[in-house]
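*Asks:* For reference, this is my_file.txt, and it has compact mmCIF, C-alpha atoms and all ligand atoms.
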# COMPACT_ATOMS: atom_id res chain seq x y z
CA MET A 148 13.33 -8.42 -9.77
CA GLY A 149 16.33 -8.31 -7.46
CA ASP A 150 19.64 -7.32 -9.07
CA SER A 151 21.98 -9.22 -6.76
CA HIS A 152 22.99 -11.55 -9.64
CA ILE A 153 24.25 -8.65 -11.81
CA THR A 154 28.02 -8.45 -11.41
CA PHE A 155 29.01 -6.20 -14.32
CA ASP A 156 26.69 -3.80 -16.09
CA HIS A 157 27.90 -2.86 -19.55
CA TRP A 158 25.42 0.05 -19.70
CA GLU A 159 26.60 1.74 -16.49
CA GLY A 160 27.09 5.41 -17.36
CA CYS A 161 24.36 5.36 -20.01
CA TYR A 162 21.41 5.38 -17.64
CA ALA A 163 19.42 8.50 -16.78
CA ASP A 164 19.99 10.03 -13.35
CA ARG A 165 16.39 9.29 -12.47
CA VAL A 166 16.97 5.53 -12.27
CA ALA A 167 20.06 5.75 -10.06
CA ASN A 168 18.27 5.75 -6.72
CA ILE A 169 15.07 3.78 -7.15
CA PRO A 170 14.65 1.70 -4.01
CA SER A 171 14.17 -1.96 -4.76
CA SER A 172 11.10 -3.65 -3.28
CA ALA A 173 12.20 -6.18 -0.66
CA THR A 174 8.87 -7.92 -1.16
CA ARG A 175 9.43 -8.33 -4.90
CA ASP A 176 13.04 -9.37 -4.32
CA LEU A 177 11.82 -11.98 -1.87
CA PHE A 178 9.40 -13.56 -4.32
CA GLY A 179 12.06 -16.11 -5.31
CA ALA A 180 12.94 -17.16 -1.76
CA ALA A 181 9.28 -17.09 -0.72
CA SER A 182 8.44 -19.79 -3.25
CA ARG A 183 10.43 -22.43 -1.28
CA ALA A 184 7.94 -25.14 -0.28
CA ASP A 185 8.49 -24.84 3.49
CA MET A 186 8.53 -21.01 3.50
CA ILE A 187 5.88 -19.10 5.44
CA SER A 188 5.38 -15.75 3.78
CA LEU A 189 4.47 -12.89 6.06
CA SER A 190 5.86 -10.42 3.55
CA GLY A 191 3.58 -10.05 0.52
CA GLY A 192 0.33 -8.07 0.65
CA MET A 193 -1.47 -10.46 -1.68
CA PRO A 194 -5.23 -10.71 -1.39
CA ASP A 195 -6.26 -14.35 -0.99
CA ILE A 196 -8.18 -14.79 -4.23
CA ARG A 197 -8.50 -18.52 -3.42
CA VAL A 198 -11.43 -17.37 -1.25
CA MET A 199 -13.44 -16.33 -4.34
CA PRO A 200 -15.74 -19.16 -5.47
CA GLU A 201 -14.99 -20.31 -9.03
CA GLU A 202 -18.66 -20.01 -10.08
CA VAL A 203 -18.51 -16.29 -9.32
CA LEU A 204 -15.67 -15.71 -11.75
CA LYS A 205 -17.26 -18.07 -14.26
CA THR A 206 -20.47 -15.99 -14.26
CA ALA A 207 -18.49 -12.86 -15.05
CA LEU A 208 -16.24 -14.54 -17.64
CA ASP A 209 -19.07 -16.37 -19.42
CA SER A 210 -20.70 -13.12 -20.44
CA MET A 211 -17.48 -11.56 -21.78
CA LEU A 212 -18.25 -12.75 -25.31
CA ASP A 213 -21.27 -10.41 -25.34
CA ASN A 214 -18.75 -7.54 -25.42
CA LYS A 215 -16.03 -9.18 -27.52
CA ASN A 216 -15.49 -6.29 -29.91
CA GLU A 217 -15.08 -3.62 -27.23
CA ALA A 218 -13.17 -5.92 -24.86
CA LEU A 219 -10.44 -6.66 -27.40
CA GLN A 220 -10.21 -3.14 -28.80
CA TYR A 221 -8.33 0.02 -27.74
CA GLY A 222 -10.43 2.19 -25.46
CA SER A 223 -10.38 5.81 -24.30
CA THR A 224 -7.41 6.88 -22.18
CA ASP A 225 -9.54 7.84 -19.20
CA GLY A 226 -11.40 4.52 -19.13
CA ARG A 227 -14.88 3.20 -19.86
CA VAL A 228 -17.89 5.21 -18.76
CA GLN A 229 -19.66 1.97 -17.74
CA THR A 230 -16.79 1.06 -15.39
CA LYS A 231 -16.82 4.60 -14.00
CA LYS A 232 -20.53 4.21 -13.22
CA ILE A 233 -19.70 1.19 -11.07
CA ILE A 234 -16.96 3.20 -9.37
CA ILE A 235 -19.38 6.07 -8.73
CA GLU A 236 -21.71 3.63 -6.93
CA LEU A 237 -18.84 2.19 -4.89
CA MET A 238 -17.80 5.71 -3.91
CA GLU A 239 -21.37 6.62 -2.90
CA ASP A 240 -21.30 3.57 -0.62
CA ILE A 241 -18.41 5.17 1.27
CA GLY A 242 -19.94 8.64 1.41
CA VAL A 243 -18.40 10.31 -1.66
CA ASN A 244 -21.40 11.73 -3.53
CA GLY A 245 -22.06 13.80 -6.64
CA LEU A 246 -19.30 12.31 -8.82
CA ALA A 247 -19.59 12.38 -12.62
CA PRO A 248 -17.62 10.11 -14.99
CA GLU A 249 -15.50 13.19 -15.88
CA ASP A 250 -14.19 13.26 -12.28
CA ILE A 251 -12.52 9.87 -12.72
CA ILE A 252 -9.65 8.36 -14.67
CA ILE A 253 -9.18 4.60 -14.69
CA THR A 254 -5.58 3.49 -14.29
CA SER A 255 -3.60 0.24 -14.48
CA GLY A 256 -3.64 -0.33 -10.75
CA SER A 257 -3.22 2.44 -8.20
CA GLN A 258 0.45 1.87 -8.74
CA GLN A 259 0.19 3.56 -12.14
CA ALA A 260 -1.75 6.43 -10.54
CA LEU A 261 1.11 6.94 -8.06
CA ASP A 262 3.58 7.08 -10.94
CA LEU A 263 1.37 9.51 -12.88
CA MET A 264 1.03 11.76 -9.82
CA GLY A 265 4.81 11.84 -9.59
CA LYS A 266 5.09 12.62 -13.29
CA VAL A 267 2.52 15.42 -13.11
CA PHE A 268 3.76 17.10 -9.92
CA ILE A 269 7.39 16.39 -9.10
CA ASN A 270 10.44 18.19 -10.49
CA PRO A 271 13.85 16.98 -9.26
CA GLY A 272 14.42 18.37 -5.78
CA ASP A 273 10.76 19.19 -5.08
CA THR A 274 9.55 18.35 -1.61
CA ILE A 275 6.75 15.86 -1.03
CA ILE A 276 5.43 14.71 2.34
CA THR A 277 4.65 11.11 3.28
CA GLU A 278 3.89 9.19 6.42
CA ALA A 279 6.83 7.46 8.11
CA PRO A 280 6.86 4.57 7.44
CA THR A 281 4.90 4.50 4.18
CA TYR A 282 4.04 2.24 1.25
CA LEU A 283 7.26 1.11 -0.37
CA GLY A 284 5.65 1.05 -3.82
CA ALA A 285 4.80 4.74 -3.49
CA LEU A 286 8.38 5.61 -2.54
CA GLN A 287 9.51 3.62 -5.57
CA ALA A 288 7.07 5.34 -7.91
CA PHE A 289 7.90 8.85 -6.67
CA SER A 290 11.66 8.31 -6.46
CA VAL A 291 11.97 8.21 -10.27
CA TYR A 292 11.05 11.90 -10.27
CA GLN A 293 13.79 12.65 -7.70
CA PRO A 294 11.83 14.33 -4.94
CA ASN A 295 13.03 15.40 -1.54
CA VAL A 296 10.83 13.21 0.68
CA ARG A 297 9.96 14.52 4.14
CA ALA A 298 8.36 11.81 6.25
CA VAL A 299 6.08 12.45 9.23
CA PRO A 300 5.76 9.65 11.82
CA PHE A 301 2.40 8.25 12.89
CA ASP A 302 1.13 6.80 16.13
CA ASP A 303 -1.99 4.74 16.87
CA GLU A 304 -4.18 7.64 15.72
CA GLY A 305 -2.47 8.14 12.37
CA MET A 306 -0.06 10.82 11.14
CA ARG A 307 1.23 13.08 13.95
CA MET A 308 -0.40 16.45 13.30
CA ASP A 309 1.90 18.29 15.73
CA LEU A 310 4.93 17.14 13.72
CA LEU A 311 3.22 17.88 10.43
CA GLU A 312 2.44 21.40 11.59
CA GLU A 313 6.10 21.95 12.51
CA LEU A 314 7.18 20.71 9.11
CA LEU A 315 4.68 22.87 7.23
CA LYS A 316 5.84 25.92 9.17
CA GLU A 317 9.38 25.14 8.11
CA LEU A 318 8.44 24.55 4.45
CA GLY A 319 6.07 27.50 4.16
CA ASN A 320 3.17 28.14 1.80
CA ARG A 321 3.05 25.57 -1.04
CA GLY A 322 6.32 24.25 0.39
CA ALA A 323 5.51 20.70 -0.74
CA LYS A 324 4.03 19.53 -4.02
CA PHE A 325 1.70 17.11 -2.24
CA LEU A 326 1.18 15.14 0.91
CA TYR A 327 0.71 11.39 0.41
CA THR A 328 -1.31 9.51 3.01
CA ILE A 329 -2.92 6.09 3.43
CA PRO A 330 -5.29 7.12 6.20
CA THR A 331 -7.20 3.86 6.62
CA PHE A 332 -5.45 0.59 7.58
CA GLN A 333 -2.18 2.08 6.54
CA ASN A 334 0.43 0.13 4.62
CA PRO A 335 2.70 -0.83 6.37
CA GLY A 336 1.45 0.34 9.78
CA GLY A 337 -2.11 -1.00 9.85
CA VAL A 338 -3.22 2.12 11.76
CA THR A 339 -6.20 4.34 10.89
CA MET A 340 -6.18 8.13 11.13
CA THR A 341 -8.88 9.34 13.54
CA LEU A 342 -11.58 11.74 12.41
CA GLU A 343 -10.08 14.56 14.53
CA ARG A 344 -6.72 14.13 12.85
CA ARG A 345 -8.34 13.98 9.40
CA LYS A 346 -10.04 17.30 10.10
CA ARG A 347 -6.79 18.79 11.33
CA LEU A 348 -4.93 17.47 8.28
CA LEU A 349 -7.42 19.17 5.97
CA GLU A 350 -7.18 22.40 7.93
CA LEU A 351 -3.39 22.44 7.87
CA CYS A 352 -3.14 21.54 4.18
CA HIS A 353 -5.70 24.19 3.39
CA GLU A 354 -3.75 26.77 5.40
CA TYR A 355 -0.46 25.94 3.67
CA ASP A 356 -2.02 25.21 0.27
CA ILE A 357 -0.76 21.64 0.03
CA THR A 358 -2.52 19.07 -2.19
CA ILE A 359 -3.52 15.87 -0.41
CA LEU A 360 -3.13 12.50 -2.14
CA GLU A 361 -5.30 9.93 -0.35
CA ASP A 362 -4.52 6.29 -1.17
CA ASP A 363 -7.37 4.05 -0.07
CA PRO A 364 -7.04 0.40 -1.10
CA TYR A 365 -8.09 -1.15 2.20
CA SER A 366 -11.00 0.79 3.77
CA ARG A 367 -13.60 -1.78 2.71
CA LEU A 368 -11.68 -4.49 4.56
CA ARG A 369 -12.86 -3.47 8.04
CA PHE A 370 -13.16 -6.22 10.68
CA ASP A 371 -14.29 -4.19 13.68
CA GLY A 372 -14.74 -0.60 14.87
CA GLU A 373 -16.63 2.15 13.06
CA PRO A 374 -15.79 3.41 9.54
CA VAL A 375 -14.04 6.78 9.42
CA PRO A 376 -14.99 9.06 6.48
CA SER A 377 -12.48 9.29 3.67
CA LEU A 378 -10.62 12.57 3.26
CA ARG A 379 -12.15 12.91 -0.22
CA SER A 380 -15.66 12.78 1.29
CA MET A 381 -14.67 15.79 3.42
CA ASP A 382 -12.95 17.84 0.73
CA PRO A 383 -13.44 17.65 -3.07
CA ASN A 384 -9.92 18.96 -3.69
CA VAL A 385 -8.37 15.80 -2.26
CA VAL A 386 -6.91 13.52 -4.95
CA TYR A 387 -8.24 10.04 -4.21
CA LEU A 388 -6.92 6.65 -5.33
CA GLY A 389 -9.17 3.58 -5.25
CA THR A 390 -8.56 0.09 -6.64
CA PHE A 391 -10.32 -3.20 -7.41
CA SER A 392 -7.18 -5.07 -6.34
CA LYS A 393 -8.22 -5.82 -2.78
CA ILE A 394 -12.02 -6.00 -3.25
CA PHE A 395 -11.98 -8.08 -6.44
CA ALA A 396 -8.58 -9.15 -7.78
CA PRO A 397 -5.18 -7.52 -8.37
CA GLY A 398 -4.64 -9.49 -11.59
CA LEU A 399 -7.05 -7.13 -13.33
CA ARG A 400 -4.87 -4.07 -12.75
CA VAL A 401 -7.92 -1.81 -12.69
CA ALA A 402 -7.99 1.17 -10.33
CA TRP A 403 -9.05 4.79 -10.40
CA VAL A 404 -8.10 8.38 -9.62
CA ILE A 405 -10.67 10.95 -8.55
CA ALA A 406 -9.32 14.50 -8.72
CA PRO A 407 -10.18 18.06 -9.65
CA ARG A 408 -10.59 18.20 -13.43
CA ALA A 409 -7.53 20.40 -14.05
CA ILE A 410 -5.34 17.73 -12.43
CA LEU A 411 -7.11 14.93 -14.31
CA GLN A 412 -6.37 16.65 -17.59
CA LYS A 413 -2.63 16.53 -16.85
CA ILE A 414 -2.86 12.92 -15.67
CA ASN A 415 -4.70 12.05 -18.87
CA LEU A 416 -1.93 13.54 -21.02
CA CYS A 417 0.74 11.61 -19.13
CA LYS A 418 -1.28 8.41 -19.30
CA GLN A 419 -1.61 8.73 -23.08
CA GLY A 420 2.17 8.64 -23.29
CA ALA A 421 2.42 5.78 -20.83
CA ASP A 422 -0.06 3.25 -22.21
CA LEU A 423 -2.63 4.91 -24.55
CA CYS A 424 -5.38 3.25 -22.51
CA GLY A 425 -5.90 0.61 -19.86
CA SER A 426 -7.25 -2.85 -20.66
CA ALA A 427 -10.87 -2.64 -21.85
CA PHE A 428 -11.14 -6.41 -21.33
CA ASN A 429 -10.36 -6.10 -17.64
CA GLN A 430 -12.63 -3.10 -17.15
CA ILE A 431 -15.51 -5.01 -18.73
CA LEU A 432 -14.73 -8.03 -16.54
CA ALA A 433 -14.96 -5.74 -13.51
CA GLU A 434 -18.31 -4.40 -14.78
CA LYS A 435 -19.62 -7.97 -15.09
CA TYR A 436 -18.32 -8.85 -11.65
CA PHE A 437 -19.99 -5.91 -9.94
CA THR A 438 -23.29 -6.22 -11.82
CA LEU A 439 -23.82 -9.98 -12.36
CA THR A 440 -22.33 -11.59 -9.24
CA PRO A 441 -23.11 -11.37 -5.51
CA TRP A 442 -19.90 -9.37 -4.97
CA LYS A 443 -20.93 -8.08 -1.55
CA GLU A 444 -21.17 -11.67 -0.29
CA THR A 445 -17.80 -12.49 -1.80
CA LEU A 446 -16.28 -9.41 -0.20
CA ALA A 447 -17.83 -10.41 3.14
CA SER A 448 -16.11 -13.80 2.93
CA TYR A 449 -12.78 -12.10 2.14
CA VAL A 450 -13.25 -9.86 5.18
CA GLU A 451 -14.23 -12.76 7.43
CA THR A 452 -11.15 -14.72 6.33
CA TYR A 453 -8.78 -11.80 6.92
CA LYS A 454 -10.34 -11.11 10.30
CA ARG A 455 -9.72 -14.69 11.46
CA ARG A 456 -6.13 -14.41 10.25
CA ARG A 457 -5.58 -11.05 11.93
CA ASP A 458 -6.87 -12.56 15.16
CA ALA A 459 -4.59 -15.60 14.82
CA LEU A 460 -1.57 -13.41 14.11
CA LEU A 461 -2.20 -11.08 17.04
CA GLN A 462 -2.83 -14.05 19.33
CA ALA A 463 0.47 -15.61 18.26
CA CYS A 464 2.29 -12.27 18.75
CA GLU A 465 0.93 -12.08 22.27
CA GLU A 466 1.94 -15.64 23.08
CA TYR A 467 5.34 -15.87 21.45
CA LEU A 468 6.96 -12.50 20.86
CA PRO A 469 9.41 -11.28 23.50
CA GLU A 470 8.00 -8.46 25.61
CA GLU A 471 10.55 -6.01 24.18
CA VAL A 472 8.63 -6.10 20.89
CA SER A 473 5.58 -3.87 20.37
CA TYR A 474 3.10 -4.03 17.50
CA THR A 475 0.02 -2.33 16.07
CA HIS A 476 -3.53 -3.72 16.39
CA PRO A 477 -5.28 -2.93 13.09
CA GLU A 478 -9.06 -2.98 12.75
CA GLY A 479 -8.79 -4.03 9.10
CA GLY A 480 -6.53 -4.26 6.07
CA PHE A 481 -3.59 -6.61 5.63
CA PHE A 482 -0.72 -5.61 7.91
CA ILE A 483 0.68 -5.22 11.38
CA TRP A 484 3.86 -3.30 12.17
CA LEU A 485 6.38 -4.62 14.66
CA THR A 486 8.84 -2.39 16.50
CA LEU A 487 11.87 -4.15 17.99
CA PRO A 488 14.49 -2.79 20.40
CA ASP A 489 16.51 -0.15 18.57
CA TYR A 490 19.72 -2.17 18.59
CA ILE A 491 18.15 -4.79 16.29
CA ASN A 492 18.45 -4.02 12.59
CA THR A 493 15.74 -5.97 10.76
CA ASP A 494 17.67 -5.89 7.46
CA ARG A 495 20.25 -8.08 9.17
CA LEU A 496 17.55 -10.29 10.67
CA LEU A 497 15.99 -11.11 7.31
CA PRO A 498 18.54 -13.62 5.93
CA ILE A 499 18.40 -15.53 9.23
CA ALA A 500 14.60 -15.56 9.12
CA LEU A 501 14.70 -16.77 5.50
CA ASP A 502 17.00 -19.58 6.56
CA ARG A 503 14.44 -20.56 9.23
CA GLY A 504 11.60 -20.55 6.70
CA VAL A 505 9.77 -17.27 7.26
CA THR A 506 9.71 -13.96 5.37
CA PHE A 507 8.86 -10.44 6.47
CA VAL A 508 9.36 -6.96 5.04
CA PRO A 509 12.16 -5.11 6.84
CA GLY A 510 11.08 -1.62 7.84
CA SER A 511 13.97 0.16 6.13
CA GLY A 512 12.30 0.00 2.71
CA CYS A 513 9.31 1.90 4.05
CA TYR A 514 11.34 5.01 4.98
CA PRO A 515 12.96 7.34 2.48
CA ASP A 516 16.40 7.05 4.06
CA LYS A 517 16.53 4.83 7.11
CA THR A 518 17.75 1.56 8.48
CA SER A 519 15.14 0.26 10.80
CA ASN A 520 14.36 -1.81 13.88
CA SER A 521 10.87 -2.54 12.57
CA MET A 522 9.14 -4.95 10.21
CA ARG A 523 5.86 -5.35 8.38
CA LEU A 524 3.93 -8.60 8.71
CA ALA A 525 1.06 -9.46 6.37
CA PHE A 526 -1.79 -11.68 7.60
CA CYS A 527 -3.77 -11.75 4.33
CA TYR A 528 -2.47 -14.87 2.65
CA GLU A 529 -1.26 -17.61 4.98
CA SER A 530 -3.54 -19.95 6.98
CA GLU A 531 -4.05 -19.37 10.70
CA GLU A 532 -1.80 -22.33 11.53
CA ASP A 533 0.98 -21.03 9.29
CA LEU A 534 0.66 -17.51 10.71
CA THR A 535 1.15 -18.94 14.19
CA GLU A 536 4.10 -21.03 13.07
CA GLY A 537 5.55 -18.00 11.25
CA ILE A 538 5.45 -15.94 14.45
CA LYS A 539 7.09 -18.76 16.38
CA ARG A 540 9.95 -18.77 13.86
CA ILE A 541 10.32 -14.98 13.92
CA SER A 542 10.19 -14.92 17.72
CA LYS A 543 13.02 -17.43 17.87
CA VAL A 544 15.20 -15.33 15.58
CA ILE A 545 14.51 -12.20 17.65
CA ASP A 546 15.11 -14.07 20.91
CA GLU A 547 18.53 -15.17 19.73
CA ARG A 548 19.44 -11.53 19.02
CA LEU A 549 18.22 -10.42 22.43
CA ILE A 550 20.22 -13.15 24.16
CA MET A 551 23.33 -12.21 22.21
CA TYR A 552 22.90 -8.51 23.01
CA ARG A 553 22.43 -9.17 26.74
CA ALA A 554 25.52 -11.40 26.80
CA LEU A 555 27.67 -8.80 25.01
CA LYS A 556 26.39 -6.10 27.32
CA ARG A 557 27.03 -8.18 30.40
CA ASP A 558 30.61 -8.71 29.26
CA GLY A 559 31.05 -4.98 28.69
CA LEU A 560 31.42 -5.42 24.93
CA ILE A 561 28.51 -3.04 24.26
CA VAL A 562 28.10 0.29 26.01
CA ASP A 563 24.74 2.08 25.61
C1 LIG B 1 -1.11 1.56 -0.13
C2 LIG B 1 -1.11 0.92 -1.47
N1 LIG B 1 -1.25 1.69 -2.55
C3 LIG B 1 -1.27 1.16 -3.79
C4 LIG B 1 -1.12 -0.19 -3.98
C5 LIG B 1 -1.12 -0.71 -5.38
O1 LIG B 1 -2.38 -1.23 -5.70
P1 LIG B 1 -2.77 -1.69 -7.16
O2 LIG B 1 -2.84 -3.18 -7.13
O3 LIG B 1 -4.11 -1.06 -7.40
O4 LIG B 1 -1.74 -1.19 -8.10
C6 LIG B 1 -0.97 -1.04 -2.88
C7 LIG B 1 -0.79 -2.47 -3.08
O5 LIG B 1 -0.50 -3.24 -2.22
C8 LIG B 1 -0.98 -0.46 -1.59
O6 LIG B 1 -0.84 -1.20 -0.49
Represent the structure contained in this file as structure tokens.

*Replies:*
Amino acid sequence: MGDSHITFDHWEGCYADRVANIPSSATRDLFGAASRADMISLSGGMPDIRVMPEEVLKTALDSMLDNKNEALQYGSTDGRVQTKKIIIELMEDIGVNGLAPEDIIITSGSQQALDLMGKVFINPGDTIITEAPTYLGALQAFSVYQPNVRAVPFDDEGMRMDLLEELLKELGNRGAKFLYTIPTFQNPGGVTMTLERRKRLLELCHEYDITILEDDPYSRLRFDGEPVPSLRSMDPNVVYLGTFSKIFAPGLRVAWVIAPRAILQKINLCKQGADLCGSAFNQILAEKYFTLTPWKETLASYVETYKRRRDALLQACEEYLPEEVSYTHPEGGFFIWLTLPDYINTDRLLPIALDRGVTFVPGSGCYPDKTSNSMRLAFCYESEEDLTEGIKRISKVIDERLIMYRALKRDGLIVD
């Protein structure tokens, strides 16, 4: 919820320091504006669950009564063994073998796992490392624990290992509590870390004794190119986050952490305090979905839909965006990342874009401490026609800025 309507806060001065600097999610704040009928939303990373046939869900729901007593009851904090067995199979599919149920804790979305990782690892002032830009929701979750966030830029091949090495040299052994990465179809960048860089990342983190937190919601949404092995498949000490949100439905809030058992024990303790246990009902629904329905076919139709939309968005970018704008070309996932000339601040562009009926996520929210000339566009939810129209609207807004800048420069009112 945005707080722009709060004019006087009676409780100011009572709040804990930890809530003073939580960044607000532009996407969440935009939910209100984005519901306008003529608005094209390129901001939210919502999976298009309209693609899932109703019969599929009906099959899973119809058999819920068979498990009524467990579904409506409290469950164990770490989650149901039956759900973990499904997760173990899903992980084997992507090359992570030899897992036991004790290697997994089920969480209320990966978002809860991010919060629990912060709770378990971060003291105020501790350093953590992220990609720059990174997932706004992760910055939000970690910020409550008051870390010092050091962000390492990426290029088309993922996080820049040369810059990471410099940073690790500066920080020294165990100089950061963990390094957070979304190596495949990154949010917000859309880029995928190459195998060479993954190997180098593992080497460097091993050398400097830094724990890696791999967040992997999107790797099954690949449209083209070859899969790259997950970091967890290359090193059992990597803490891995997976979720049903993008391969089934986010409304379930069922996700999982795979980690060394010592870490899981701490996560378990913190989770007990947070929610006692996740929803058994939703875990059972996921079990039904992955055992009774043709989920691979459903996933294939999700992927096909997103691929068409990615293609439409990139095509529109090529046709309509001014040549001063560059953007990433993801092979999967939900997002592309636009970089505008550095004199354009996308925070200032947003209200104009909203007025013209299109939303985007300004890049500033995806950096720990930066205004930004970039933006994230999501292609997962809108139709191909609307994606094209959305880019036309954004292009117009950018064009107007460029024209204004050139005019001011010509008249000597701006000096570079
Ligand atoms: C990189 C990343 N991590 C975590 C999440 C949260 O996922 P969940 O729905 O499992 O909480 C998202 C959601 O968009 C995401 O993009």

*Asks:* To one decimal place in Å, what is the distance between atom CA of A:Lys393 and atom CA of A:Pro194?

*Replies:*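 Between these atoms lies a distance of 5.9 Å.
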
*Asks:* With the cut-off set at 6 Å and counting only C-alpha atoms and all ligand atoms, tabulate each residue of chain A with an atom at most that distance from an atom of ligand LIG 1 (chain B), showing the nearest atom pair and its distance in Å to one decimal, ordered by chain and increasing number, as CSV.

*Replies:*
residue,atom,partner,partner_atom,distance
A:Gly192,CA,B:LIG1,O5,5.7
A:Gly256,CA,B:LIG1,O4,3.4
A:Ser257,CA,B:LIG1,O3,3.7
A:Gln258,CA,B:LIG1,O4,3.8
A:Tyr282,CA,B:LIG1,C1,5.4
A:Asn334,CA,B:LIG1,C1,5.2
A:Asp362,CA,B:LIG1,N1,5.8
A:Pro364,CA,B:LIG1,C2,6.0
A:Thr390,CA,B:LIG1,O3,4.7
A:Ser392,CA,B:LIG1,O2,4.8
A:Pro397,CA,B:LIG1,O2,5.1
A:Ala402,CA,B:LIG1,O3,5.3

*Asks:* Once you have the residues from the selection above, write them out as a JSON list (two decimals), in the coordinates of the input, restricted to C-alpha atoms.

*Replies:*
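Produced file result_23.json, reproduced below:
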[["chain", "number", "residue", "atom", "x", "y", "z"],
["A", 192, "GLY", "CA", 0.33, -8.07, 0.65],
["A", 256, "GLY", "CA", -3.64, -0.33, -10.75],
["A", 257, "SER", "CA", -3.22, 2.44, -8.20],
["A", 258, "GLN", "CA", 0.45, 1.87, -8.74],
["A", 282, "TYR", "CA", 4.04, 2.24, 1.25],
["A", 334, "ASN", "CA", 0.43, 0.13, 4.62],
["A", 362, "ASP", "CA", -4.52, 6.29, -1.17],
["A", 364, "PRO", "CA", -7.04, 0.40, -1.10],
["A", 390, "THR", "CA", -8.56, 0.09, -6.64],
["A", 392, "SER", "CA", -7.18, -5.07, -6.34],
["A", 397, "PRO", "CA", -5.18, -7.52, -8.37],
["A", 402, "ALA", "CA", -7.99, 1.17, -10.33]]

*Asks:* Show me, as JSON lines, the residues of stretch 497-521 of chain A having an atom within 12 Å of stretch 459-483 of chain A, each with the closest atom pair and its distance in Å, using only C-alpha atoms.

*Replies:*
{"residue": "A:Phe507", "atom": "CA", "partner": "A:Phe482", "partner_atom": "CA", "distance": 10.8}
{"residue": "A:Val508", "atom": "CA", "partner": "A:Phe482", "partner_atom": "CA", "distance": 10.6}
{"residue": "A:Gly510", "atom": "CA", "partner": "A:Ile483", "partner_atom": "CA", "distance": 11.6}
{"residue": "A:Asn520", "atom": "CA", "partner": "A:Val472", "partner_atom": "CA", "distance": 10.0}
{"residue": "A:Ser521", "atom": "CA", "partner": "A:Tyr474", "partner_atom": "CA", "distance": 9.3}

*Asks:* Can you build me a table of stretch 422-494 of chain A residues sitting at most 8 Å from stretch 219-243 of chain A, with the closest atom pair per residue and its distance in Å to one decimal, using all atoms listed in the file, sorted by chain and residue number, as JSON lines?

*Replies:*
{"residue": "A:Leu423", "atom": "CA", "partner": "A:Thr224", "partner_atom": "CA", "distance": 5.7}
{"residue": "A:Cys424", "atom": "CA", "partner": "A:Thr224", "partner_atom": "CA", "distance": 4.2}
{"residue": "A:Gly425", "atom": "CA", "partner": "A:Gly226", "partner_atom": "CA", "distance": 6.8}
{"residue": "A:Ser426", "atom": "CA", "partner": "A:Gly222", "partner_atom": "CA", "distance": 7.7}
{"residue": "A:Ala427", "atom": "CA", "partner": "A:Gly222", "partner_atom": "CA", "distance": 6.0}
{"residue": "A:Phe428", "atom": "CA", "partner": "A:Leu219", "partner_atom": "CA", "distance": 6.1}
{"residue": "A:Gln430", "atom": "CA", "partner": "A:Thr230", "partner_atom": "CA", "distance": 6.1}
{"residue": "A:Ile431", "atom": "CA", "partner": "A:Thr230", "partner_atom": "CA", "distance": 7.0}
{"residue": "A:Ala433", "atom": "CA", "partner": "A:Thr230", "partner_atom": "CA", "distance": 7.3}
{"residue": "A:Glu434", "atom": "CA", "partner": "A:Thr230", "partner_atom": "CA", "distance": 5.7}
{"residue": "A:Phe437", "atom": "CA", "partner": "A:Ile233", "partner_atom": "CA", "distance": 7.2}

*Asks:* One number please: atom CA of A:Gln333 to atom CA of A:Gln412, in Å, one decimal.

*Replies:* 28.5 Å

*Asks:* How would you write as a list in words the residues that get within 7 Å of (-8.5, 6.6, -8.9) in the file's frame, counting all atoms listed in the file?

*Replies:*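 Residues with an atom close enough to that point: Ile251, Ile252, Ile253, Thr254, Ser257, Ala260, Tyr387, Leu388, Gly389, Thr390, Ala402, Trp403, Val404 and Ile405 of chain A.
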
*Asks:* Between A:Arg540, A:Lys435, A:Arg345, A:Arg503, which one has atoms that come closest to A:Val375, using all atoms listed in the file?

*Replies:*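 Ranking A:Arg540, A:Lys435, A:Arg345, A:Arg503 by distance to A:Val375, first place goes to A:Arg345.
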
*Asks:* Within 8 Å of stretch 264-268 of chain A, counting all atoms listed in the file, which residues qualify if same-chain residues fewer than 3 places away don't, as a list in words?

*Replies:*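 These residues fall inside the cut-off: Ala260, Leu261, Ala288, Phe289, Tyr292, Lys324, Phe325, Lys413, Ile414 and Cys417 of chain A.
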
*Asks:* Determine, counting only C-alpha atoms, which protein, DNA and RNA residues have an atom within 6 Å of an atom of stretch 448-450 of chain A; residues of the same chain fewer than 3 positions away are not included. Present the result as a PDB file with C-alpha atoms, in the coordinates of the input.

*Replies:*
ATOM      1  CA  LEU A 368     -11.680  -4.490   4.560  1.00  0.00           C
ATOM      2  CA  THR A 445     -17.800 -12.490  -1.800  1.00  0.00           C
ATOM      3  CA  TYR A 453      -8.780 -11.800   6.920  1.00  0.00           C
TER       4      TYR A 453
END

*Asks:* Figure out the distance between atom CA of A:Asp489 and atom CA of A:Tyr552, please, to one decimal in Å.

*Replies:*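 Going from atom CA of A:Tyr552 over to atom CA of A:Asp489, I get 11.4 Å.
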
*Asks:* With distances taken over all atoms listed in the file, which of A:Pro498, A:Arg297, A:Gly512, A:Ala184 is nearest to A:Ile169?

*Replies:*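 Once distances to A:Ile169 are computed over all atoms listed in the file, the minimum belongs to A:Gly512.
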
*Asks:* Which of these, A:Glu531, A:Thr358, A:Ile499, A:Thr518, has the shortest distance to A:Lys543 once you count all atoms listed in the file?

*Replies:*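 Going through A:Glu531, A:Thr358, A:Ile499, A:Thr518 one by one, the smallest distance to A:Lys543 is for A:Ile499.
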